[in-house]
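For reference, the structure discussed in these notes is given below.
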Amino acid sequence: MSDLVKIKELRERTGTGLSDCKKALIESDWDIEAAIDYLRKQSSVKATKKADRNAAEGRLMASINDDASVGAIVEVNVETDFAARNERFVEFIKSVADGVLENGPDSLNDFEQARQELVQTLGENVSLRRAATLSGAPGTIVSYIHTNGTVGTLLEIKEGSDSINLDMAMHITAMSPLVVSADQLPASVVDKEREILLERARSAEDRKPDNIIERMVGGQLKKFESESCLLSQGFVRDPKVSVSKVLKDAKAEVLKFVRYQVGEATS
């Protein structure tokens with residue numbers, strides 16, 4: 001990837017000016033992900049979903065078996081939004097999701113020939129980007145894909161009703177939690193966020209004393225952890241009520257989920 005292409009991609013992903021993007025890339029040895037962290041530390045870009053996205057079009061598709069004991073979700077990328085809406089492209093993704101449901105995520109490779117044929121049909125590159133499955137015992141598998149097909153969730157939930165199951169899948173899709181509960185949040189994620197918040201506070205024009213910075217960052221980290229954990233979030237239908245309470249009242253339990261957004265960066 002040329003330097004100019006990297007500058008353009010960084011600008012698209014962060015909304016930062018070209019000169020700032022170029023400087024960030026130079027300071028980061030032309031590593032795009034490191035440049036995003038650099039910009040965040042300089043307060044040029046906030047921790048938004050836009051900063052975590054790659055330039056990619058495509059769609060998601062989910063497939064669940066008849067007794068809702070197993071489900072699959074896949075992402076397939078293409079070059080333009082126009083192609084992502086093509087009927088042949090949508091049919092291809094459905095076949096991929098059904099295949100992953102039956103044979104697991106590694107079966108993406110089985111669709112290589114069909115992918116090449118679709119490339120010839122569409123005149124655009126097609127990428128089988130990723131896939132995941134969930135097994136529902138002892139829970140039930142539910143899926144929700146947003147209308148435009150670019151963001152969605154595969155969810156394993158226990159003891160829920162049809163309405164609460166769908167509500168939880170929709171909530172996760174809309175609110176983008178990283179994990180179910182705080183104990184599942186990786187220390188590396190928290191440490192990275194702390195590093196960025198500290199650097200931002202220390203480089204501020206009105207820099208506060210270190211003891212105040214520590215308290216500020218501590219509060220910001222608690223907010224980050226709360227917003228990142230499903231059970232701590234305010235329920236999308238009634239933000240004054242926590243997801244934890246909604247599930248408790250419904251006598252339901254979220255066990256696992258996979259949330260995909262087309263083009264998002266993955267670790």
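Chain labels A, B, ... are given in the sequence in which chains occur in the structure tokens; within each chain residues are numbered consecutively from 1, and ligands are likewise numbered from 1 in the order shown.
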
Quick check for you: according to DSSP on this backbone, which residues of region 103-208 of chain A are classed as strand (DSSP E)? Reply as a PyMOL selection string.
chain A and resi 126-135+140-145+151-158

Can you list, as a ChimeraX atom specification, every protein, DNA or RNA residue that comes within 7 Å of Leu101 (chain A) when you count only C-alpha atoms, leaving out same-chain residues fewer than 5 positions away?
/A:63-64,71-72,133

How would the residues just picked look written out with N, CA, C and O atoms as a PDB file, in the first residue's frame?
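The result, stored in again-v7.pdb:
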```
ATOM      1  N   SER A  63     -27.318 -17.450   9.825  1.00  0.00           N
ATOM      2  CA  SER A  63     -28.097 -18.655   9.543  1.00  0.00           C
ATOM      3  C   SER A  63     -28.205 -19.453  10.833  1.00  0.00           C
ATOM      4  O   SER A  63     -27.213 -19.623  11.552  1.00  0.00           O
ATOM      5  N   ILE A  64     -29.409 -19.930  11.140  1.00  0.00           N
ATOM      6  CA  ILE A  64     -29.663 -20.674  12.376  1.00  0.00           C
ATOM      7  C   ILE A  64     -30.408 -21.958  12.030  1.00  0.00           C
ATOM      8  O   ILE A  64     -31.318 -21.945  11.179  1.00  0.00           O
ATOM      9  N   GLY A  71     -25.939 -21.537  15.416  1.00  0.00           N
ATOM     10  CA  GLY A  71     -26.081 -20.405  14.501  1.00  0.00           C
ATOM     11  C   GLY A  71     -24.743 -19.996  13.930  1.00  0.00           C
ATOM     12  O   GLY A  71     -23.690 -20.298  14.502  1.00  0.00           O
ATOM     13  N   ALA A  72     -24.792 -19.322  12.794  1.00  0.00           N
ATOM     14  CA  ALA A  72     -23.576 -18.839  12.141  1.00  0.00           C
ATOM     15  C   ALA A  72     -23.786 -17.409  11.684  1.00  0.00           C
ATOM     16  O   ALA A  72     -24.913 -16.995  11.359  1.00  0.00           O
ATOM     17  N   THR A 133     -19.441 -19.163  14.653  1.00  0.00           N
ATOM     18  CA  THR A 133     -20.614 -19.952  15.019  1.00  0.00           C
ATOM     19  C   THR A 133     -20.797 -19.941  16.529  1.00  0.00           C
ATOM     20  O   THR A 133     -19.840 -19.744  17.284  1.00  0.00           O
TER      21      THR A 133
END
```

Please list as a list in words every residue within 12 Å of Ile164 (chain A), counting only C-alpha atoms and excluding residues in the same chain fewer than 3 positions away.
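Everything that qualifies: Thr140, Val142, Leu155, Ile157, Lys158, Glu159, Gly160, Ser161, Asp167, Met168, Ala169, Met170, His171, Phe235, Arg237, Val243, Val246, Leu247, Lys248, Asp249, Ala250, Lys251, Ala252, Glu253 and Val254 of chain A.
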
Between A:Asp20, A:Asp66, A:Arg129, A:Val119, which residue has the minimum interatomic distance to Glu264 (chain A), considering only C-alpha atoms?
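That would be A:Arg129, the residue with the smallest distance to Glu264 (chain A).
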
Residues near Ile26 (chain A), anyone? I mean within 12 Å using only C-alpha atoms, not counting same-chain ones fewer than 5 positions away, as number ranges by chain.
A: 3-4, 6-7, 19-21, 31-32, 34-36, 38-39
